[in-house]
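entry.pdb follows; it contains PDB, C-alpha atoms.
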ATOM      1  CA  MET A   1      40.490  25.747 -15.855
ATOM      2  CA  PRO A   2      38.080  22.947 -16.742
ATOM      3  CA  THR A   3      36.804  20.978 -13.773
ATOM      4  CA  ILE A   4      37.222  17.246 -14.411
ATOM      5  CA  SER A   5      35.851  15.896 -11.122
ATOM      6  CA  MET A   6      34.277  16.986  -7.841
ATOM      7  CA  PHE A   7      33.817  14.904  -4.714
ATOM      8  CA  ARG A   8      33.518  15.510  -0.967
ATOM      9  CA  GLY A   9      34.201  19.210  -1.403
ATOM     10  CA  ILE A  10      37.328  18.673  -3.518
ATOM     11  CA  LYS A  11      37.402  20.248  -6.983
ATOM     12  CA  VAL A  12      39.852  18.668  -9.456
ATOM     13  CA  TYR A  13      40.834  20.569 -12.584
ATOM     14  CA  MET A  14      43.458  20.984 -15.301
ATOM     15  CA  ASN A  15      44.648  24.021 -17.215
ATOM     16  CA  TYR A  16      44.988  24.074 -20.980
ATOM     17  CA  SER A  17      48.600  24.189 -22.255
ATOM     18  CA  ASP A  18      49.957  23.940 -18.706
ATOM     19  CA  HIS A  19      53.650  23.473 -17.901
ATOM     20  CA  GLN A  20      55.413  20.123 -17.511
ATOM     21  CA  PRO A  21      55.459  17.695 -15.745
ATOM     22  CA  PRO A  22      51.957  16.277 -16.321
ATOM     23  CA  HIS A  23      49.851  17.276 -13.324
ATOM     24  CA  PHE A  24      46.433  18.281 -12.077
ATOM     25  CA  HIS A  25      45.197  20.867  -9.601
ATOM     26  CA  ALA A  26      42.852  20.288  -6.675
ATOM     27  CA  PHE A  27      41.107  22.809  -4.460
ATOM     28  CA  TYR A  28      39.529  22.230  -1.057
ATOM     29  CA  GLY A  29      38.505  24.722   1.635
ATOM     30  CA  GLY A  30      40.754  27.530   0.438
ATOM     31  CA  GLU A  31      43.767  25.245  -0.046
ATOM     32  CA  GLU A  32      45.185  24.177  -3.398
ATOM     33  CA  VAL A  33      47.624  21.458  -4.397
ATOM     34  CA  ILE A  34      49.279  20.501  -7.650
ATOM     35  CA  ILE A  35      49.786  16.735  -8.008
ATOM     36  CA  SER A  36      52.095  14.941 -10.440
ATOM     37  CA  ILE A  37      50.114  12.441 -12.517
ATOM     38  CA  GLU A  38      53.097  10.129 -12.974
ATOM     39  CA  THR A  39      54.336   9.950  -9.375
ATOM     40  CA  LEU A  40      51.228  11.125  -7.477
ATOM     41  CA  GLU A  41      53.446  13.417  -5.412
ATOM     42  CA  VAL A  42      52.480  16.904  -4.296
ATOM     43  CA  LEU A  43      54.430  19.326  -6.475
ATOM     44  CA  ARG A  44      53.174  22.458  -4.757
ATOM     45  CA  GLY A  45      50.683  23.561  -2.154
ATOM     46  CA  THR A  46      48.999  22.025   0.860
ATOM     47  CA  MET A  47      45.730  20.352   1.734
ATOM     48  CA  GLN A  48      44.328  18.839   4.904
ATOM     49  CA  SER A  49      45.684  15.324   5.432
ATOM     50  CA  LYS A  50      42.329  13.506   5.238
ATOM     51  CA  GLN A  51      41.346  15.194   1.966
ATOM     52  CA  LEU A  52      44.810  14.754   0.484
ATOM     53  CA  LYS A  53      44.718  11.006   1.199
ATOM     54  CA  MET A  54      41.294  10.747  -0.472
ATOM     55  CA  LEU A  55      42.536  12.762  -3.434
ATOM     56  CA  LEU A  56      45.664  10.630  -3.897
ATOM     57  CA  GLY A  57      43.637   7.405  -3.648
ATOM     58  CA  TRP A  58      41.226   8.715  -6.271
ATOM     59  CA  ALA A  59      44.137   9.786  -8.500
ATOM     60  CA  ALA A  60      45.805   6.356  -8.258
ATOM     61  CA  PHE A  61      42.577   4.717  -9.394
ATOM     62  CA  HIS A  62      42.148   7.192 -12.295
ATOM     63  CA  GLN A  63      45.780   7.697 -13.314
ATOM     64  CA  ASP A  64      45.224   6.563 -16.927
ATOM     65  CA  GLU A  65      42.255   8.904 -17.331
ATOM     66  CA  LEU A  66      44.217  11.784 -15.850
ATOM     67  CA  THR A  67      46.994  11.119 -18.363
ATOM     68  CA  GLU A  68      44.486  11.087 -21.238
ATOM     69  CA  ASN A  69      42.999  14.393 -20.082
ATOM     70  CA  TRP A  70      46.502  15.882 -19.763
ATOM     71  CA  GLU A  71      47.194  15.006 -23.407
ATOM     72  CA  LEU A  72      43.865  16.518 -24.484
ATOM     73  CA  ALA A  73      44.582  19.701 -22.522
ATOM     74  CA  ARG A  74      47.996  20.043 -24.158
ATOM     75  CA  LYS A  75      46.227  19.890 -27.554
ATOM     76  CA  GLN A  76      43.601  22.437 -26.476
ATOM     77  CA  GLN A  77      40.868  19.785 -26.828
ATOM     78  CA  GLU A  78      37.825  19.283 -24.630
ATOM     79  CA  LEU A  79      38.487  17.349 -21.437
ATOM     80  CA  PHE A  80      36.187  14.596 -20.227
ATOM     81  CA  PRO A  81      34.836  14.233 -16.694
ATOM     82  CA  ILE A  82      36.319  11.581 -14.424
ATOM     83  CA  ALA A  83      34.084   9.707 -12.011
ATOM     84  CA  PRO A  84      34.172  11.083  -8.468
ATOM     85  CA  LEU A  85      35.214   9.183  -5.372
ATOM     86  CA  LYS A  86      32.243   7.227  -4.057
TER
END
Can you give me the file's structure in the form of C-alpha cells?
Amino acid sequence: MPTISMFRGIKVYMNYSDHQPPHFHAFYGGEEVIISIETLEVLRGTMQSKQLKMLLGWAAFHQDELTENWELARKQQELFPIAPLK
C-alpha cells in the first residue's frame, strides 16, 4: 500500500490492482475510510468529521492527480507523491 500523501496525521494511500471504482484509502487515529475519486463520496469506513472534511477538500483539489495515480496503480507502476494539505 504505497503512501501518496500525509498531512495533519492523515495517511493517504492506494493499493496496487485494487477493485473498482477508482478510489483511495485514508487512515487517521485508528479509523480508515475509502473515498471514491470520481464522486468524492465515502465508500466505506468512518473518520472524525473535521479530518474527513480536510481530506475531502484536499481530494477535490488533487482529483486529477489521484486519477493519474489510480491508473498507475492498476498497471503496477510506481505512484507519485501528491502535495499535502498546507
Test item: which residues lie within 6 Å of (38.1, 15.5, -2.9) counting all atoms listed in the file, as a PyMOL selection string: chain A and resi 7-10+51+55
Selected by the PyMOL selection byres ((chain A and resi 2) around 9) in the shown coordinates: which residues, as an NGL selection string? :A and (1 or 3-4 or 12-16 or 78-79)
Report as a ChimeraX atom specification all protein, DNA and RNA residues lying within 10 Å of Ile37 in chain A, evaluated on only C-alpha atoms, omitting residues in the same chain fewer than 3 positions from it. /A:21-24,34,40-42,56,59-60,62-67,70
Kindly export the residues of the current selection with C-alpha atoms, as a compact mmCIF listing (two decimals), in the frame of the given file.
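Listing of result.txt after writing:
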# COMPACT_ATOMS: atom_id res chain seq x y z
CA PRO A 21 55.46 17.70 -15.74
CA PRO A 22 51.96 16.28 -16.32
CA HIS A 23 49.85 17.28 -13.32
CA PHE A 24 46.43 18.28 -12.08
CA ILE A 34 49.28 20.50 -7.65
CA LEU A 40 51.23 11.12 -7.48
CA GLU A 41 53.45 13.42 -5.41
CA VAL A 42 52.48 16.90 -4.30
CA LEU A 56 45.66 10.63 -3.90
CA ALA A 59 44.14 9.79 -8.50
CA ALA A 60 45.80 6.36 -8.26
CA HIS A 62 42.15 7.19 -12.30
CA GLN A 63 45.78 7.70 -13.31
CA ASP A 64 45.22 6.56 -16.93
CA GLU A 65 42.26 8.90 -17.33
CA LEU A 66 44.22 11.78 -15.85
CA THR A 67 46.99 11.12 -18.36
CA TRP A 70 46.50 15.88 -19.76
How many Å separate CA of Arg74 in chain A from CA of Thr39 in chain A?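 For CA of Arg74 in chain A relative to CA of Thr39 in chain A, the distance reads 19.0 Å.
CA of His25 in chain A is positioned 15.1 Å from CA of Glu71 in chain A.
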Report the distance between CA of Pro84 in chain A and CA of Trp58 in chain A in Å, rounded to one decimal place.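 About the pair CA of Pro84 in chain A and CA of Trp58 in chain A: they are 7.8 Å apart.
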Please return as number ranges by chain every residue within 9 Å of (45.8, 19.7, 0.8), taking into account all atoms listed in the file and the file's own coordinates. A: 26-29, 31-33, 42, 45-53, 55
Find, counting only C-alpha atoms, the residue in A:Glu38, A:Ile82, A:Asn69, A:Gln20 that gets nearest to Ser5 in chain A.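 That would be A:Ile82, the residue with the smallest distance to Ser5 in chain A.
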What are the centre and edge lengths in Å, to one decimal, of the axis-aligned box around all listed atoms of range 34-43 of chain A with 6 Å added on each side, as AutoDock Vina command-line options?
--center_x 51.9 --center_y 15.2 --center_z -8.6 --size_x 17.2 --size_y 22.6 --size_z 20.7
